[in-house]
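**Student:** The structure's right below; bear with me while I get my questions together.
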Amino acid sequence: MAPAMALSSTDSFDLTDFVINKGNGVKGLSDLGIKSLPSQYIQPQEALINIIPQKSIPVIDMSNWENDPRVAESVCEAAEKFGFFQLVNHGVPLEVLDGVKDATHRFFGLPAEEKRKFSKELSSTNNIRFGTSFSPDAEKALEWKDYLSLFYVSEEEASVLWPSACRDEVLEYMKKSQVLCTKLMTALMEKLNVKEIDESKESLLMGSKRINLNYYPRCPNPQLTVGVGRHSDVSSLTFLLQDEIGGLYVRINEGKGDEDGWVHVPPIEGSLVINVGDALQILSNGRYKSVEHCVIASGSKNRISIPIFVNPKPNDVIGPLPELIAAGEKPKYKNILYSDYVKHFFRKAHDGKKTVAFAEI
Ligand SMILES: CC(C)(COP(=O)(O)OP(=O)(O)OC[C@H]1O[C@@H](n2cnc3c(N)ncnc32)[C@H](O)[C@@H]1OP(=O)(O)O)[C@@H](O)C(=O)NCCC(=O)NCCSC(=O)/C=C/c1ccc(O)cc1
Ligand SMILES: O=C(O)CCC(=O)C(=O)O
Ligand SMILES: [Fe+2]
């Protein structure tokens with residue numbers, strides 16, 4: 001490791017150049033051994049959260065999925081009430097989960113010049129992007145996170161273009177989680193009286209996938225910044241694999257008096273965290289909740305997480321499902337081209353639940 005450094009505003013060190021342009025990311029900063037947080041990462045006070053220690057999101061054991069309908073019922077209930085739950089005994093092999101976690105460390109352990117080949121500026125395709133923070137051009141304060149984002153098109157494209165340090169393990173994880181994805185979507189749809197997932201529904205619910213590898217290095221003054229600011233996902237469902245460090249917080253009882261606050265999602269070995277995204281909130285006409293969440297940085301450990309965002313296809317038009325409107329529900333959202341919705345999300349800084357207002361009637 002490089003000798004410990006103190007960066008201050010008087011140093012001639014060009015942080016943007018080092019972190020963003022040269023591809024060192026916040027991992028590069030952390031590896032320098034800096035002793036205090038650079039001012040660019042200091043978040044305004046309102047970004048920091050009120051934590052409720054005694055509450056949690058549901059943990060659902062899927063062992064009896066096939067012969068006990070109460071398991072599917074509890075998934076639907078959790079998606080309605082919390083928008084977030086953890087699954088254990090979900091059927092995705094533990095070796096596959098360990099494999100993709102190792103691969104994530106392998107990718108971020110590459111030299112900056114290697115990772116930078118996948119940056120927006122140098123990548124040969126928009127479907128692959130290595131970056132830092134969320135939307136550095138639009139943010140008042142940067143976020144303490146590096147990422148690799150992979151939009152899945154085909155095995156062929158992945159085998160040619162994805163980084164070899166993580167490609168095989170990422171593909172295996174995506175493949176092995178598909179059965180679980182179909183099970184959950186089928187149950188969530190049945191509860192809405194949508195009996196069959198035909199080709200067009202399949203496209204709307206799970207027509208495209210993006211996987212992100214997130215790296216949150218050890219941070220000096222972690223309480224002054226965020227790993228990821230408050231946001232809701234724009235997916236239909238997100239499958240999140242986190243390591244043993246912790247730091248993910250979910251909002252509960254939004255705006256409902258003094259219970260309003262944030263609960264920790266404790267790491268459970270072998271579990272997957274599932275959350276509803278904006279697309280499913282819109283499709284279900286607000287029945288399933290896409291809930292705000294954020295990540296607090298760690299002062300002592302390097303954390304990784306690996307979300308699979310299961311989405312509509314970019315060219316799908318999303319809006320409340322026709323079955324719900326036919327049953328007499330008043331639509332709460334307009335029909336909107338999904339790629340327009342996603343572009344709107346990516347072009348601004350994280351701003352809690354505000355993205356969905358873009359689709360509200
Ligand atoms: C609109 C997409 C994303 C890109 O299409 P494109 O034709 O390549 O469009 P652009 O290259 O013009 O990208 C639009 C904007 O999004 C930005 N962007 C393009 N991918 C990215 C990218 N992975 N990352 C962060 N900016 C990007 C991109 O930089 C650009 O911003 P700007 O340069 O300011 O105009 C297109 O692939 C699409 O419709 N995909 C649909 C499936 C999809 O990706 N769904 C999103 C699931 S991701 C999700 O739910 C949550 C993600 C998330 C991620 C980080 C968090 O901190 C929190 C949450
Ligand atoms: O790192 C985590 O636990 C969550 C990350 C997240 O919310 C996201 O990538 O959308
Ligand atoms: Fe998220």
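All residue names refer to the structure tokens as shown: chains lettered A, B, ... in order, residues numbered from 1 in each chain, ligands numbered from 1 in order.
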Using only C-alpha atoms and all ligand atoms, what are the residues with an atom within 6 Å of ligand 2, set out as a list in words?

**Tutor:**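 Here is the list of contacting residues: Asp233, Gln242, Leu248, Cys294, Val295, Ser305 and Pro307 of chain A.
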
**Student:** Any chance you could list, as a ChimeraX atom specification, the residues in region 50-289 of chain A that come up strand (DSSP E or B) when DSSP is run on the backbone?

**Tutor:** /A:51,59-61,84-88,119,128-132,146-151,208-216,228-231,237-242,248-252,261-264,272-276

**Student:** Residues of chain A that approach ligand 3 to 7 Å or less, counting only C-alpha atoms and all ligand atoms: could you list each one with the shortest pair of atoms and its distance in Å to one decimal, rows by chain and increasing residue number, as a Markdown table?

**Tutor:**
| residue | atom | partner | partner_atom_place_in_ligand_line | distance |
| --- | --- | --- | --- | --- |
| A:His231 | CA | ligand 3 | 1 (Fe) | 6.4 |
| A:Ser232 | CA | ligand 3 | 1 (Fe) | 5.8 |
| A:Asp233 | CA | ligand 3 | 1 (Fe) | 4.8 |
| A:His293 | CA | ligand 3 | 1 (Fe) | 6.4 |

**Student:** With all heavy atoms kept, could you save the residues just selected as a compact mmCIF listing (two decimals), in the first residue's frame?

**Tutor:**
# COMPACT_ATOMS: atom_id res chain seq x y z
N HIS A 231 -32.41 6.21 -3.06
CA HIS A 231 -33.01 6.05 -4.38
C HIS A 231 -33.94 4.85 -4.34
O HIS A 231 -33.86 4.03 -3.42
CB HIS A 231 -31.92 5.78 -5.45
CG HIS A 231 -31.27 4.43 -5.29
ND1 HIS A 231 -30.33 4.17 -4.31
CD2 HIS A 231 -31.44 3.25 -5.95
CE1 HIS A 231 -29.94 2.91 -4.38
NE2 HIS A 231 -30.60 2.32 -5.38
N SER A 232 -34.81 4.74 -5.35
CA SER A 232 -35.47 3.45 -5.57
C SER A 232 -34.94 2.93 -6.90
O SER A 232 -34.51 3.72 -7.76
CB SER A 232 -36.99 3.61 -5.58
OG SER A 232 -37.38 4.51 -6.59
N ASP A 233 -34.94 1.61 -7.08
CA ASP A 233 -34.43 1.05 -8.33
C ASP A 233 -35.47 1.23 -9.43
O ASP A 233 -36.67 1.27 -9.16
CB ASP A 233 -34.13 -0.45 -8.14
CG ASP A 233 -32.97 -0.70 -7.18
OD1 ASP A 233 -32.24 0.26 -6.86
OD2 ASP A 233 -32.79 -1.85 -6.76
N HIS A 293 -33.91 3.17 -0.67
CA HIS A 293 -32.84 2.53 0.10
C HIS A 293 -31.55 3.30 -0.14
O HIS A 293 -31.46 4.13 -1.06
CB HIS A 293 -32.72 1.04 -0.23
CG HIS A 293 -32.61 0.73 -1.69
ND1 HIS A 293 -33.69 0.80 -2.57
CD2 HIS A 293 -31.55 0.35 -2.45
CE1 HIS A 293 -33.29 0.48 -3.77
NE2 HIS A 293 -31.99 0.20 -3.74

**Student:** Which residues, written as a PyMOL selection string, have at least one atom at most 10 Å from Leu161 (chain A), with only C-alpha atoms counted and residues fewer than 6 positions away on the same chain left out?

**Tutor:** chain A and resi 118+123-125+127-128+150+155+167

**Student:** Write a file of the selected residues as a tab-separated table (two decimals), in the first residue's frame, keeping N, CA, C and O atoms.

**Tutor:**
chain	number	residue	atom	x	y	z
A	118	PHE	N	-13.03	-0.18	-19.62
A	118	PHE	CA	-14.49	-0.38	-19.65
A	118	PHE	C	-15.25	0.89	-19.26
A	118	PHE	O	-16.44	0.85	-19.02
A	123	SER	N	-14.93	2.35	-23.45
A	123	SER	CA	-15.61	1.09	-23.71
A	123	SER	C	-16.09	1.04	-25.16
A	123	SER	O	-16.54	2.07	-25.71
A	124	SER	N	-16.01	-0.15	-25.77
A	124	SER	CA	-16.43	-0.26	-27.16
A	124	SER	C	-17.95	-0.33	-27.27
A	124	SER	O	-18.49	-0.32	-28.37
A	125	THR	N	-18.64	-0.41	-26.16
A	125	THR	CA	-20.11	-0.50	-26.18
A	125	THR	C	-20.72	0.21	-24.99
A	125	THR	O	-20.14	0.23	-23.91
A	127	ASN	N	-23.16	-0.94	-23.48
A	127	ASN	CA	-23.71	-1.99	-22.60
A	127	ASN	C	-22.79	-2.35	-21.45
A	127	ASN	O	-23.16	-3.13	-20.58
A	128	ILE	N	-21.56	-1.84	-21.47
A	128	ILE	CA	-20.61	-2.13	-20.40
A	128	ILE	C	-20.07	-0.81	-19.90
A	128	ILE	O	-19.67	0.04	-20.71
A	150	LEU	N	-23.13	-4.13	-16.34
A	150	LEU	CA	-23.17	-4.97	-17.54
A	150	LEU	C	-24.62	-5.18	-17.96
A	150	LEU	O	-25.41	-5.79	-17.22
A	155	GLU	N	-25.09	-14.38	-24.68
A	155	GLU	CA	-23.86	-15.09	-24.26
A	155	GLU	C	-22.71	-14.71	-25.18
A	155	GLU	O	-21.58	-14.55	-24.75
A	167	ARG	N	-16.36	-12.55	-16.08
A	167	ARG	CA	-17.41	-12.90	-17.04
A	167	ARG	C	-18.12	-14.23	-16.73
A	167	ARG	O	-19.35	-14.29	-16.63

**Student:** Could you give me, as a PyMOL selection string, every polymer residue with an atom at most 8 Å away from an atom of ligand 1, counting only C-alpha atoms and all ligand atoms?

**Tutor:** chain A and resi 120+126-129+131+133-135+137-138+148-151+208-212+228-229+231-236+238+277-278+309-315+338-348+350

**Student:** Store the residues picked out above in a file with N, CA and C atoms, as a short mmCIF file (atom, residue, chain, number, x, y, z; two decimals), in the first residue's frame.

**Tutor:**
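Generated file (again.cif):
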data_model
loop_
_atom_site.label_atom_id
_atom_site.label_comp_id
_atom_site.auth_asym_id
_atom_site.auth_seq_id
_atom_site.Cartn_x
_atom_site.Cartn_y
_atom_site.Cartn_z
N LYS A 120 -16.96 4.71 -19.70
CA LYS A 120 -17.83 5.30 -20.73
C LYS A 120 -17.01 5.83 -21.91
N ASN A 126 -21.95 0.74 -25.20
CA ASN A 126 -22.71 1.36 -24.10
C ASN A 126 -23.21 0.33 -23.10
N ASN A 127 -23.16 -0.94 -23.48
CA ASN A 127 -23.71 -1.99 -22.60
C ASN A 127 -22.79 -2.35 -21.45
N ILE A 128 -21.56 -1.84 -21.47
CA ILE A 128 -20.61 -2.13 -20.40
C ILE A 128 -20.07 -0.81 -19.90
N ARG A 129 -20.07 -0.66 -18.60
CA ARG A 129 -19.54 0.60 -18.09
C ARG A 129 -18.91 0.42 -16.72
N GLY A 131 -17.34 2.64 -13.71
CA GLY A 131 -17.42 4.04 -13.30
C GLY A 131 -17.34 4.19 -11.80
N SER A 133 -19.02 6.68 -8.35
CA SER A 133 -20.17 7.46 -7.91
C SER A 133 -21.38 7.05 -8.78
N PHE A 134 -22.43 7.88 -8.88
CA PHE A 134 -23.59 7.46 -9.68
C PHE A 134 -23.67 8.27 -10.97
N SER A 135 -23.66 9.57 -10.82
CA SER A 135 -23.79 10.44 -11.98
C SER A 135 -22.93 11.68 -11.71
N ASP A 137 -21.37 13.98 -13.13
CA ASP A 137 -21.60 15.28 -13.75
C ASP A 137 -22.80 16.01 -13.14
N ALA A 138 -23.74 15.22 -12.60
CA ALA A 138 -24.98 15.82 -12.10
C ALA A 138 -25.00 15.98 -10.58
N LEU A 148 -19.01 -1.72 -11.85
CA LEU A 148 -19.00 -2.21 -13.23
C LEU A 148 -20.44 -2.58 -13.54
N SER A 149 -21.00 -2.02 -14.61
CA SER A 149 -22.39 -2.28 -14.96
C SER A 149 -22.44 -3.00 -16.30
N LEU A 150 -23.13 -4.13 -16.34
CA LEU A 150 -23.17 -4.97 -17.54
C LEU A 150 -24.62 -5.18 -17.96
N PHE A 151 -24.98 -4.65 -19.11
CA PHE A 151 -26.33 -4.88 -19.65
C PHE A 151 -26.25 -6.13 -20.52
N SER A 208 -35.33 -7.73 -19.86
CA SER A 208 -33.91 -7.38 -19.95
C SER A 208 -33.28 -7.42 -18.57
N LYS A 209 -31.97 -7.61 -18.56
CA LYS A 209 -31.25 -7.70 -17.29
C LYS A 209 -29.98 -6.87 -17.32
N ARG A 210 -29.75 -6.24 -16.20
CA ARG A 210 -28.48 -5.52 -15.99
C ARG A 210 -27.90 -6.03 -14.69
N ILE A 211 -26.61 -6.32 -14.67
CA ILE A 211 -25.97 -6.71 -13.41
C ILE A 211 -24.89 -5.68 -13.08
N ASN A 212 -24.88 -5.25 -11.84
CA ASN A 212 -23.84 -4.32 -11.40
C ASN A 212 -22.95 -5.01 -10.38
N VAL A 228 -24.15 4.74 -1.50
CA VAL A 228 -25.15 5.05 -2.52
C VAL A 228 -26.20 5.92 -1.84
N GLY A 229 -26.55 7.02 -2.45
CA GLY A 229 -27.58 7.91 -1.89
C GLY A 229 -28.96 7.29 -2.00
N HIS A 231 -32.41 6.21 -3.06
CA HIS A 231 -33.01 6.05 -4.38
C HIS A 231 -33.94 4.85 -4.34
N SER A 232 -34.81 4.74 -5.35
CA SER A 232 -35.47 3.45 -5.57
C SER A 232 -34.94 2.93 -6.90
N ASP A 233 -34.94 1.61 -7.08
CA ASP A 233 -34.43 1.05 -8.33
C ASP A 233 -35.47 1.23 -9.43
N VAL A 234 -35.01 1.31 -10.66
CA VAL A 234 -35.95 1.45 -11.77
C VAL A 234 -36.28 0.11 -12.43
N SER A 235 -35.83 -0.95 -11.81
CA SER A 235 -36.07 -2.32 -12.30
C SER A 235 -37.53 -2.74 -12.05
N SER A 236 -37.86 -3.98 -12.46
CA SER A 236 -39.11 -4.56 -11.96
C SER A 236 -38.80 -5.27 -10.63
N THR A 238 -35.24 -6.47 -8.17
CA THR A 238 -33.78 -6.52 -8.02
C THR A 238 -33.43 -7.69 -7.10
N GLY A 277 -38.87 -2.84 -7.81
CA GLY A 277 -38.40 -1.60 -8.44
C GLY A 277 -39.57 -0.80 -9.01
N ASP A 278 -39.25 0.40 -9.51
CA ASP A 278 -40.29 1.30 -10.00
C ASP A 278 -41.15 0.66 -11.11
N PHE A 309 -30.52 -6.44 -11.86
CA PHE A 309 -31.74 -5.68 -12.09
C PHE A 309 -32.52 -6.40 -13.18
N VAL A 310 -33.69 -6.90 -12.83
CA VAL A 310 -34.56 -7.57 -13.80
C VAL A 310 -35.56 -6.52 -14.25
N ASN A 311 -35.62 -6.29 -15.56
CA ASN A 311 -36.32 -5.11 -16.08
C ASN A 311 -37.24 -5.45 -17.25
N PRO A 312 -38.12 -4.51 -17.61
CA PRO A 312 -38.75 -4.58 -18.94
C PRO A 312 -37.68 -4.44 -20.02
N LYS A 313 -38.04 -4.73 -21.27
CA LYS A 313 -37.12 -4.44 -22.38
C LYS A 313 -37.12 -2.92 -22.59
N PRO A 314 -35.96 -2.37 -23.03
CA PRO A 314 -35.91 -0.91 -23.21
C PRO A 314 -37.06 -0.35 -24.06
N ASN A 315 -37.49 -1.09 -25.10
CA ASN A 315 -38.54 -0.56 -25.98
C ASN A 315 -39.95 -0.89 -25.55
N TYR A 338 -40.05 2.54 -21.55
CA TYR A 338 -39.17 2.20 -20.43
C TYR A 338 -37.78 2.84 -20.56
N SER A 339 -37.22 2.88 -21.77
CA SER A 339 -35.86 3.47 -21.88
C SER A 339 -35.88 4.96 -21.56
N ASP A 340 -37.01 5.65 -21.82
CA ASP A 340 -37.10 7.07 -21.43
C ASP A 340 -37.08 7.19 -19.91
N TYR A 341 -37.78 6.26 -19.27
CA TYR A 341 -37.82 6.28 -17.80
C TYR A 341 -36.41 6.08 -17.22
N VAL A 342 -35.68 5.11 -17.79
CA VAL A 342 -34.33 4.79 -17.29
C VAL A 342 -33.37 5.95 -17.56
N LYS A 343 -33.49 6.55 -18.72
CA LYS A 343 -32.61 7.69 -19.04
C LYS A 343 -32.86 8.82 -18.05
N HIS A 344 -34.13 9.07 -17.75
CA HIS A 344 -34.47 10.11 -16.78
C HIS A 344 -33.79 9.82 -15.42
N PHE A 345 -33.79 8.56 -15.02
CA PHE A 345 -33.16 8.15 -13.75
C PHE A 345 -31.65 8.37 -13.77
N PHE A 346 -31.01 7.94 -14.86
CA PHE A 346 -29.54 7.99 -14.92
C PHE A 346 -28.99 9.41 -15.10
N ARG A 347 -29.83 10.31 -15.61
CA ARG A 347 -29.29 11.63 -15.92
C ARG A 347 -29.31 12.61 -14.76
N LYS A 348 -29.88 12.21 -13.64
CA LYS A 348 -29.89 13.12 -12.48
C LYS A 348 -29.21 12.42 -11.30
N HIS A 350 -29.06 10.91 -7.41
CA HIS A 350 -30.06 10.19 -6.63
C HIS A 350 -30.93 11.18 -5.87
#

**Student:** Considering only C-alpha atoms, give me a table of residues in region 251-337 of chain A that are at most 9 Å from region 71-92 of chain A, with the closest atom pair and distance in Å for each, as a tab-separated table.

**Tutor:**
residue	atom	partner	partner_atom	distance
A:Arg251	CA	A:Phe82	CA	8.5
A:Ile252	CA	A:Phe82	CA	6.8
A:Asn253	CA	A:Phe82	CA	8.4
A:Val265	CA	A:Gln86	CA	8.4
A:Ile268	CA	A:Val88	CA	8.4
A:Glu269	CA	A:Val88	CA	8.8
A:Gly270	CA	A:Val88	CA	6.8
A:Ser271	CA	A:Val88	CA	4.8
A:Leu272	CA	A:Leu87	CA	5.3
A:Val273	CA	A:Gln86	CA	4.3
A:Ile274	CA	A:Phe85	CA	5.5
A:Asn275	CA	A:Phe84	CA	4.4
A:Val276	CA	A:Gly83	CA	5.2
A:Gly277	CA	A:Gly83	CA	8.1
A:Gly286	CA	A:Glu80	CA	8.8
A:Arg287	CA	A:Glu80	CA	6.0
A:Tyr288	CA	A:Glu80	CA	4.5
A:Lys289	CA	A:Gly83	CA	4.7
A:Ser290	CA	A:Gly83	CA	5.5
A:Val291	CA	A:Gly83	CA	5.7

**Student:** Please produce a file of the residues just selected, as a PDB file, in the first residue's frame, where the atoms kept are N, CA and C atoms.

**Tutor:**
ATOM      1  N   ARG A 251     -35.976   2.254   3.686  1.00  0.00           N
ATOM      2  CA  ARG A 251     -36.927   3.144   4.348  1.00  0.00           C
ATOM      3  C   ARG A 251     -38.225   2.413   4.667  1.00  0.00           C
ATOM      4  N   ILE A 252     -38.716   2.598   5.873  1.00  0.00           N
ATOM      5  CA  ILE A 252     -40.028   2.009   6.181  1.00  0.00           C
ATOM      6  C   ILE A 252     -40.990   3.111   6.619  1.00  0.00           C
ATOM      7  N   ASN A 253     -42.263   2.839   6.374  1.00  0.00           N
ATOM      8  CA  ASN A 253     -43.337   3.765   6.786  1.00  0.00           C
ATOM      9  C   ASN A 253     -43.094   5.186   6.323  1.00  0.00           C
ATOM     10  N   VAL A 265     -30.418  -3.843   6.648  1.00  0.00           N
ATOM     11  CA  VAL A 265     -30.642  -5.177   6.078  1.00  0.00           C
ATOM     12  C   VAL A 265     -29.419  -6.016   6.446  1.00  0.00           C
ATOM     13  N   ILE A 268     -27.013 -12.005   5.738  1.00  0.00           N
ATOM     14  CA  ILE A 268     -27.272 -13.386   6.173  1.00  0.00           C
ATOM     15  C   ILE A 268     -26.555 -14.270   5.160  1.00  0.00           C
ATOM     16  N   GLU A 269     -25.644 -15.075   5.637  1.00  0.00           N
ATOM     17  CA  GLU A 269     -24.846 -15.945   4.762  1.00  0.00           C
ATOM     18  C   GLU A 269     -25.760 -16.754   3.824  1.00  0.00           C
ATOM     19  N   GLY A 270     -25.522 -16.686   2.536  1.00  0.00           N
ATOM     20  CA  GLY A 270     -26.291 -17.477   1.570  1.00  0.00           C
ATOM     21  C   GLY A 270     -27.637 -16.882   1.170  1.00  0.00           C
ATOM     22  N   SER A 271     -28.005 -15.739   1.731  1.00  0.00           N
ATOM     23  CA  SER A 271     -29.326 -15.176   1.405  1.00  0.00           C
ATOM     24  C   SER A 271     -29.244 -14.266   0.181  1.00  0.00           C
ATOM     25  N   LEU A 272     -30.398 -13.965  -0.373  1.00  0.00           N
ATOM     26  CA  LEU A 272     -30.521 -12.939  -1.415  1.00  0.00           C
ATOM     27  C   LEU A 272     -31.529 -11.905  -0.940  1.00  0.00           C
ATOM     28  N   VAL A 273     -31.217 -10.642  -1.168  1.00  0.00           N
ATOM     29  CA  VAL A 273     -32.156  -9.570  -0.839  1.00  0.00           C
ATOM     30  C   VAL A 273     -32.950  -9.272  -2.109  1.00  0.00           C
ATOM     31  N   ILE A 274     -34.257  -9.257  -1.996  1.00  0.00           N
ATOM     32  CA  ILE A 274     -35.095  -8.983  -3.169  1.00  0.00           C
ATOM     33  C   ILE A 274     -35.824  -7.658  -2.935  1.00  0.00           C
ATOM     34  N   ASN A 275     -35.833  -6.808  -3.948  1.00  0.00           N
ATOM     35  CA  ASN A 275     -36.682  -5.627  -3.806  1.00  0.00           C
ATOM     36  C   ASN A 275     -37.448  -5.302  -5.077  1.00  0.00           C
ATOM     37  N   VAL A 276     -38.610  -4.714  -4.848  1.00  0.00           N
ATOM     38  CA  VAL A 276     -39.466  -4.265  -5.945  1.00  0.00           C
ATOM     39  C   VAL A 276     -38.874  -2.975  -6.489  1.00  0.00           C
ATOM     40  N   GLY A 277     -38.866  -2.838  -7.814  1.00  0.00           N
ATOM     41  CA  GLY A 277     -38.400  -1.598  -8.437  1.00  0.00           C
ATOM     42  C   GLY A 277     -39.568  -0.797  -9.011  1.00  0.00           C
ATOM     43  N   GLY A 286     -49.236   0.456  -8.315  1.00  0.00           N
ATOM     44  CA  GLY A 286     -48.935   0.888  -6.948  1.00  0.00           C
ATOM     45  C   GLY A 286     -49.127  -0.176  -5.879  1.00  0.00           C
ATOM     46  N   ARG A 287     -49.578  -1.374  -6.284  1.00  0.00           N
ATOM     47  CA  ARG A 287     -49.818  -2.439  -5.284  1.00  0.00           C
ATOM     48  C   ARG A 287     -48.499  -2.900  -4.665  1.00  0.00           C
ATOM     49  N   TYR A 288     -47.491  -3.168  -5.506  1.00  0.00           N
ATOM     50  CA  TYR A 288     -46.165  -3.535  -4.997  1.00  0.00           C
ATOM     51  C   TYR A 288     -45.323  -2.274  -4.918  1.00  0.00           C
ATOM     52  N   LYS A 289     -44.575  -2.144  -3.819  1.00  0.00           N
ATOM     53  CA  LYS A 289     -43.906  -0.867  -3.512  1.00  0.00           C
ATOM     54  C   LYS A 289     -42.415  -0.897  -3.834  1.00  0.00           C
ATOM     55  N   SER A 290     -41.987   0.076  -4.597  1.00  0.00           N
ATOM     56  CA  SER A 290     -40.563   0.274  -4.864  1.00  0.00           C
ATOM     57  C   SER A 290     -40.057   1.254  -3.809  1.00  0.00           C
ATOM     58  N   VAL A 291     -39.245   0.770  -2.922  1.00  0.00           N
ATOM     59  CA  VAL A 291     -38.953   1.513  -1.700  1.00  0.00           C
ATOM     60  C   VAL A 291     -37.551   2.113  -1.744  1.00  0.00           C
TER      61      VAL A 291
END

**Student:** List the neighbours of Lys176 (chain A) out to 9 Å using only C-alpha atoms; skip same-chain residues closer than 2 positions along the sequence, and give me the result as a PyMOL selection string.

**Tutor:** chain A and resi 91-93+96+171-174+178-180

**Student:** With all heavy atoms retained, export the selected residues as a compact mmCIF listing (two decimals), in the first residue's frame.

**Tutor:**
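Generated output (selection.txt):
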# COMPACT_ATOMS: atom_id res chain seq x y z
N GLY A 91 -32.56 -21.72 -3.63
CA GLY A 91 -32.23 -22.61 -4.75
C GLY A 91 -31.08 -22.16 -5.61
O GLY A 91 -30.63 -22.93 -6.48
N VAL A 92 -30.57 -20.95 -5.44
CA VAL A 92 -29.36 -20.57 -6.20
C VAL A 92 -28.17 -21.12 -5.41
O VAL A 92 -28.00 -20.79 -4.23
CB VAL A 92 -29.23 -19.02 -6.35
CG1 VAL A 92 -28.02 -18.68 -7.22
CG2 VAL A 92 -30.51 -18.42 -6.92
N PRO A 93 -27.35 -22.02 -6.03
CA PRO A 93 -26.30 -22.70 -5.27
C PRO A 93 -25.31 -21.74 -4.60
O PRO A 93 -24.92 -20.73 -5.20
CB PRO A 93 -25.58 -23.55 -6.32
CG PRO A 93 -26.55 -23.69 -7.44
CD PRO A 93 -27.39 -22.44 -7.44
N VAL A 96 -22.20 -20.80 -6.45
CA VAL A 96 -22.38 -19.79 -7.51
C VAL A 96 -22.30 -18.38 -6.89
O VAL A 96 -21.68 -17.48 -7.45
CB VAL A 96 -23.73 -20.02 -8.24
CG1 VAL A 96 -24.03 -18.90 -9.21
CG2 VAL A 96 -23.70 -21.37 -8.96
N LEU A 171 -22.05 -14.65 -15.53
CA LEU A 171 -23.03 -15.33 -16.40
C LEU A 171 -23.68 -16.51 -15.67
O LEU A 171 -24.90 -16.72 -15.77
CB LEU A 171 -22.35 -15.83 -17.68
CG LEU A 171 -22.10 -14.75 -18.74
CD1 LEU A 171 -21.20 -15.31 -19.85
CD2 LEU A 171 -23.42 -14.23 -19.33
N GLU A 172 -22.88 -17.25 -14.92
CA GLU A 172 -23.40 -18.40 -14.18
C GLU A 172 -24.43 -17.93 -13.13
O GLU A 172 -25.49 -18.53 -12.96
CB GLU A 172 -22.22 -19.13 -13.50
CG GLU A 172 -22.53 -20.44 -12.83
CD GLU A 172 -23.00 -21.54 -13.78
OE1 GLU A 172 -22.98 -21.33 -15.01
OE2 GLU A 172 -23.41 -22.60 -13.26
N TYR A 173 -24.10 -16.86 -12.45
CA TYR A 173 -25.02 -16.32 -11.44
C TYR A 173 -26.33 -15.87 -12.09
O TYR A 173 -27.43 -16.15 -11.59
CB TYR A 173 -24.33 -15.17 -10.70
CG TYR A 173 -25.20 -14.44 -9.72
CD1 TYR A 173 -26.08 -15.12 -8.87
CD2 TYR A 173 -25.15 -13.05 -9.62
CE1 TYR A 173 -26.89 -14.44 -7.97
CE2 TYR A 173 -25.95 -12.37 -8.71
CZ TYR A 173 -26.83 -13.07 -7.90
OH TYR A 173 -27.62 -12.39 -7.02
N MET A 174 -26.23 -15.20 -13.23
CA MET A 174 -27.45 -14.75 -13.91
C MET A 174 -28.30 -15.94 -14.33
O MET A 174 -29.52 -15.96 -14.17
CB MET A 174 -27.10 -13.90 -15.15
CG MET A 174 -26.49 -12.57 -14.79
SD MET A 174 -26.14 -11.54 -16.22
CE MET A 174 -27.71 -10.73 -16.40
N GLN A 178 -32.32 -17.46 -12.67
CA GLN A 178 -33.50 -17.28 -13.52
C GLN A 178 -34.73 -18.06 -13.02
O GLN A 178 -35.86 -17.57 -13.06
CB GLN A 178 -33.15 -17.68 -14.97
CG GLN A 178 -34.26 -17.46 -15.98
CD GLN A 178 -34.86 -16.05 -15.94
OE1 GLN A 178 -34.14 -15.06 -15.88
NE2 GLN A 178 -36.19 -15.96 -15.93
N VAL A 179 -34.49 -19.28 -12.51
CA VAL A 179 -35.62 -20.11 -12.04
C VAL A 179 -36.33 -19.38 -10.89
O VAL A 179 -37.56 -19.28 -10.84
CB VAL A 179 -35.11 -21.49 -11.52
CG1 VAL A 179 -36.24 -22.33 -10.96
CG2 VAL A 179 -34.37 -22.23 -12.62
N LEU A 180 -35.52 -18.86 -9.98
CA LEU A 180 -36.06 -18.13 -8.84
C LEU A 180 -36.86 -16.91 -9.30
O LEU A 180 -37.96 -16.63 -8.81
CB LEU A 180 -34.90 -17.70 -7.93
CG LEU A 180 -35.26 -16.80 -6.75
CD1 LEU A 180 -36.21 -17.51 -5.80
CD2 LEU A 180 -34.00 -16.36 -6.00

**Student:** State, in Å with one decimal place, the distance from CA of Pro267 (chain A) to CA of Asn302 (chain A).

**Tutor:** 14.4 Å
